[in-house]
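**Student:** For reference, the structure I am asking about is given below.
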Amino acid sequence: MSISNLMDIGSTALNAQQAALNVTGENIANVNTAGYSRQQVVMASGPSISGAGGVPLGTGVQIQAVQRSYDAMLQQQLVSNNSTYQASLTTQTALQQVQPSFNEVATNGLGTAVDNFFGAWQDLSTNPQGTSERQALLSSTQVMTDTFHQMNANLTSIASSADNSLTGITGEVTGNAKSLALVNSQIITTQAAGGSTNELLDQRDLLLQNIAKDVGITSTVQSDGTATVTLAGGQQLVSGAKYATLYTSQNAATPPTNDIMLTGLGNPPPANVPATDTNVSATVGGTGNSLGNLGGMLQVRDSIVPGYLSKLNEMAANLVSTVNAQQSTGYGIDGPPATTGHNFFAPAGVTAGTIALDPGLTAATIAAGFPTATDPAPTSSGNNANALKVAALQQQTSAFSTGTDTIDGFYNSLVSSVGTDTQNAQNATTQGAAYLQQLGTLRDSNSAVSLNEELTNMTKYQLAFQGASKLINAAESMVDTLLAMIGAPT
Amino acid sequence: MRITSGMTADNAVYNLNQGQNVLNTLQEQVSSGVVVNQPSDDPLTTRQLLSLQDQVNAGKQTTSNITKGTLALNVANTALGGMMDIMTQIKSAAATMLSGSNDPTSIASVTSNLSQLKAQLIDLGNTQNGNQYVFGGFKNGQPFDTAGNFSGTDDPLNVEITSGSQVSTNVSGGDLLRGGTPPAAVGSGATAGGSPVDILGSIDSLIAAISSGNTTGINDGIKNMSAAGDQIAGAQSDVAGRLVRLTNAQSMITNNQNTLETAYGNLQNVDLAKVGVELSQQTTAFNASLAATAKITQLSLLNYMT
């Protein structure tokens, strides 16, 4: 036991407090860094040595570790909830674009156009030979078919912009996978050199979250600290320093849509060969395409928009077939003799996008007349019996995929279901946001930097540093005292 | 729980957003005056609103149908009134001949008068409403030629007055002036004054009887004319009955529209008092959270360190 020992203790203390102040500084500097986990210095007293008289004495303080405050389970939950939240956010955005087309409560849309179409038949029934009534019917039909086309175009463009955005999303995923592979390799090298990987681990976790926002993943942290990422279908995206390219490739469908393709692993990964790479379109979005921005876009493209389109197509087909069936049994005012058997709408392959007046139909061949006992075929021009029958089709129920309903009823249900879907997506997004917010709060509570805490620590370490300096001062004056005793010059 | 300034900031942003959202929704309701601005605001109410709207639209269409039907029936009614006047003139002209005047001048004047009246009757039979002949059925062309032959049809020209219920807006000219299609036999002797009456045919026989001084024929003719008057009066009261039906249907639809629109309004119109109170509550709450956020985010140990 010597005075120099005292100096050593002071020196370890100075070193340790300075290191702690360094860590505090790092924490304060990164208070606003996304994904940063605060670090704490773990100090331990040095081994004791036996001093004078066999009394064990300490040897100062040692920095044992710089610990990262981190909760692996919270991290996993953040990753998976980011995926589901992004998917519902994407579908919500798409539905909010779909909804205005169906917003019958605020504007006059398809429902009003159909009402006006049948109203025009009613008007025709009050004056079956009237040229203006016939023209009005043709115009209101035109308005109705235009509205069908408009809605079809709106829906199709929402689906195709979802399809287009797949390319950007896959590019972003590949970019993040590349960064993650780089971080993985840096973790391995830094560890081999014995350095601290804390900041790299934070970057790794942030990258995992970013990838999860775009696509559903399962991530595993290996014992060496690197992260392995597999897609929802089980294909590996990142493993150690290797990563795969996720990209889009147009398929042979008409019109072509994007397939999601995945190359093999490598660094850099092998070149894109759509013919032999794995097509992950069916699995990459998770169950029901419920994961990630990518899943949301696939959901919009493959189920939401096609669902509404098929309802609109069904409505158009029903309208065309019932009106044609009635119209073709009646007689026009062309001729003489008046002719029969004309279609009102073009009958072949009717969809919301193609519904149109029959090219052969003229104002005169609109069949308002229907043969009666006293007015046999071909009918007189004042005969309004068929116009009444067509007008009555509006109230007539027929079998739809959703059950038996009138055309108006079927369309109203469709509007209401768009509303319900949008509302559900909004609720899911709101809940997802609230849950993420809660998880973020928990993560922050555990890992984020608190300035007040760091400032307190700073004061604490500063005071300890001053104390240690005083200790060295004391040891120095002790040495001085001793030297004075032996008369050495000071 | 460990609280960091970042958490306080995040929470403040999140909660301020929530408050802003609520204010935004209330603001939208107040400024638009309606509760459901898009289907997702309330899908179930949307469904109700749409079917109410459909019924209101259907009511509007039927109202337009009824207006047109009423016009057509009124035109027919006016024509029938004219026919009644002519029948009265024919009866009084014929009655002057019953006293047995053989004066050729007066016979000639009465027969020419009767022929004129018959021609007027035929003209009234060709009455048009717009370009439709109200006594022609489905035929679009003069239903009566100058001789009084009927070429129209007996079909009813129906309009829809409520869903599934139709009213005819015309009168069959054949039944009215010819007693049917083909024309009924002209009554004479025992059958004179029977119904239905071929009015135009009977006028022809009456003219013939007057020309030939056939007193029995004139008597039969007068009986027939009397029955003819009844026939036209019958048609008049039939038309009047249908007009009443249209008026009733119209007032029923008006009532119905009022009810539907009230129901629509109850669902869709904003209760301004209620929303106003909510808005002021939310504004107060939002102000409070803004003030609290401003205070809390400034708290830091830094303020007290030198």
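Each chain in the structure tokens gets a letter, A, B and so on, in the order shown; residues start at 1 in every chain, and ligands are counted from 1 in the order they appear.
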Do you know which residues are at most 12 Å from B:Asn113 counting only C-alpha atoms, after dropping those on the same chain fewer than 4 positions away, and could you put them as a ChimeraX atom specification?

**Tutor:** /B:86,89-94,106-109,117-120,203,207,210

**Student:** Can I get the selection written as a PDB file, in the first residue's frame, with C-alpha atoms?

**Tutor:**
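Writing done, so here's result_29.pdb:
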ATOM      1  CA  ILE B  86    -123.931  19.384 -79.378  1.00  0.00           C
ATOM      2  CA  GLN B  89    -128.667  21.059 -79.813  1.00  0.00           C
ATOM      3  CA  ILE B  90    -129.355  17.883 -81.841  1.00  0.00           C
ATOM      4  CA  LYS B  91    -132.170  16.869 -79.468  1.00  0.00           C
ATOM      5  CA  SER B  92    -133.864  20.294 -79.648  1.00  0.00           C
ATOM      6  CA  ALA B  93    -133.459  20.429 -83.451  1.00  0.00           C
ATOM      7  CA  ALA B  94    -134.993  16.963 -83.790  1.00  0.00           C
ATOM      8  CA  SER B 106    -137.405  23.750 -92.602  1.00  0.00           C
ATOM      9  CA  ILE B 107    -136.577  20.052 -93.272  1.00  0.00           C
ATOM     10  CA  ALA B 108    -133.584  21.133 -95.328  1.00  0.00           C
ATOM     11  CA  SER B 109    -132.465  23.600 -92.690  1.00  0.00           C
ATOM     12  CA  LEU B 117    -123.504  19.214 -85.694  1.00  0.00           C
ATOM     13  CA  LYS B 118    -122.402  15.702 -86.636  1.00  0.00           C
ATOM     14  CA  ALA B 119    -119.315  17.138 -88.347  1.00  0.00           C
ATOM     15  CA  GLN B 120    -118.553  19.109 -85.151  1.00  0.00           C
ATOM     16  CA  ILE B 203    -127.581  10.869 -86.211  1.00  0.00           C
ATOM     17  CA  ILE B 207    -131.327  12.817 -90.644  1.00  0.00           C
ATOM     18  CA  ILE B 210    -136.406  13.717 -90.947  1.00  0.00           C
TER      19      ILE B 210
END

**Student:** I'd like the neighbourhood of A:Leu298 as a list in words, where a residue qualifies if any of its atoms comes within 8 Å (using only C-alpha atoms), though same-chain residues fewer than 6 positions away should be ignored.

**Tutor:** Ala162, Asp163, Gly285 and Asn289 of chain A

**Student:** Would you list, as a PyMOL selection string, the residues of stretch 40-161 of chain B that end up in helix (DSSP H, G or I) under DSSP run on this structure's backbone?

**Tutor:** chain B and resi 40-41+43-98+104-125

**Student:** Taking only C-alpha atoms into account, name the residue in B:Ala190, B:Gln29, B:Ser205, B:Asn11 that is nearest to B:Ala273.

**Tutor:**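 Looking only at the distances to B:Ala273, the closest residue turns out to be B:Gln29.
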
**Student:** Could you check the closest approach to B:Tyr14 for each of A:Ala271, A:Val449, A:Leu207, A:Ala434 and tell me which residue wins, using only C-alpha atoms?

**Tutor:**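 With only C-alpha atoms as the atom set, the closest residue is A:Ala434.
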
**Student:** From the list B:Val159, B:Ala76, B:Ala185, B:Ala233, which residue is nearest chain A when using only C-alpha atoms?

**Tutor:**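 Using only C-alpha atoms, the shortest distance to chain A belongs to B:Val159.
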
**Student:** Can you measure atom CA of A:Ser290 to atom CA of A:Pro274 for me? One decimal in Å is fine.

**Tutor:**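 If I compute the distance from atom CA of A:Ser290 to atom CA of A:Pro274, I get 25.0 Å.
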
**Student:** For a quick check of understanding, using only C-alpha atoms, which of B:Arg2, B:Thr169, B:Asp42, B:Ser99 has the smallest distance to B:Thr67?

**Tutor:**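 Nearest candidate to B:Thr67 out of B:Arg2, B:Thr169, B:Asp42, B:Ser99: B:Thr169.
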
**Student:** Which residue gives the smallest distance to chain B among A:Ile333, A:Val183, A:Ile355, A:Ile9, with only C-alpha atoms counted?

**Tutor:**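 Of the candidates, the smallest distance to chain B is held by A:Ile333.
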
**Student:** What's around stretch 195-202 of chain B at 8 Å? Count only C-alpha atoms, leave out sequence neighbours fewer than 3 positions away in its own chain, and write the answer as a list in words.

**Tutor:**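 Once the nearby chain positions are removed, what remains is Lys118, Gly148, Leu176, Leu177, Arg178, Gly179, Gly180, Pro183, Ala184, Ala185, Val186, Gly187, Ser205, Leu206, Gly221, Asn224, Met225, Ala227, Ala228 and Gln231 of chain B.
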
**Student:** Limited to C-alpha atoms, could you put the picked residues into a file as a short mmCIF file (atom, residue, chain, number, x, y, z; two decimals), in the first residue's frame?

**Tutor:**
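So result_2.cif came out as:
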data_model
loop_
_atom_site.label_atom_id
_atom_site.label_comp_id
_atom_site.auth_asym_id
_atom_site.auth_seq_id
_atom_site.Cartn_x
_atom_site.Cartn_y
_atom_site.Cartn_z
CA LYS B 118 -122.40 15.70 -86.64
CA GLY B 148 -117.38 9.17 -88.87
CA LEU B 176 -117.88 6.80 -77.09
CA LEU B 177 -119.24 7.80 -80.51
CA ARG B 178 -119.88 4.42 -82.20
CA GLY B 179 -121.03 2.34 -79.24
CA GLY B 180 -118.16 -0.11 -79.77
CA PRO B 183 -120.21 0.08 -84.31
CA ALA B 184 -123.31 -1.01 -82.40
CA ALA B 185 -126.57 -1.51 -84.33
CA VAL B 186 -128.70 1.66 -84.58
CA GLY B 187 -131.66 1.23 -82.26
CA SER B 205 -130.65 7.60 -89.35
CA LEU B 206 -132.25 10.60 -87.68
CA GLY B 221 -133.91 9.02 -83.20
CA ASN B 224 -131.39 7.34 -79.32
CA MET B 225 -130.11 10.92 -78.88
CA ALA B 227 -129.39 7.65 -74.70
CA ALA B 228 -126.41 9.17 -76.52
CA GLN B 231 -123.46 7.76 -72.93
#

**Student:** Find the distance between atom CA of A:Gly369 and atom CA of B:Phe135 and write it in Å to one decimal.

**Tutor:** 17.7 Å

**Student:** Quick one: residues within 6 Å of stretch 77-82 of chain A, only C-alpha atoms counted, chain neighbours fewer than 5 positions away excluded, as a PyMOL selection string?

**Tutor:** chain A and resi 209+212-213

**Student:** Now that the selection is made, can you save its residues with C-alpha atoms as a compact mmCIF listing (two decimals), in the first residue's frame?

**Tutor:**
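Writing the result to out.txt gives the following:
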# COMPACT_ATOMS: atom_id res chain seq x y z
CA GLN A 209 -38.53 -1.78 -38.94
CA ALA A 212 -41.26 -4.40 -42.22
CA LYS A 213 -43.13 -1.23 -43.17

**Student:** Could you pull the residues within 12 Å of A:Ser50, counting only C-alpha atoms, minus those fewer than 4 positions along the same chain, as a ChimeraX atom specification?

**Tutor:** /A:1-2,5,54-59

**Student:** Any idea what's packed within 10 Å of stretch 16-27 of chain B, counting only C-alpha atoms, ignoring anything in its chain fewer than 2 positions away? Could you give it as a PyMOL selection string?

**Tutor:** (chain A and resi 430) or (chain B and resi 10-14+29-33+35+37+41+270+275-276+278-283+285-287+289-290+293)

**Student:** Near A:Ala153, counting only C-alpha atoms, which residues have an atom at most 12 Å away, once you skip same-chain residues fewer than 3 positions from it, shown as an MDAnalysis selection string?

**Tutor:** chainID A and resid 98 101 146:150 156:161 305 309 312 351:354
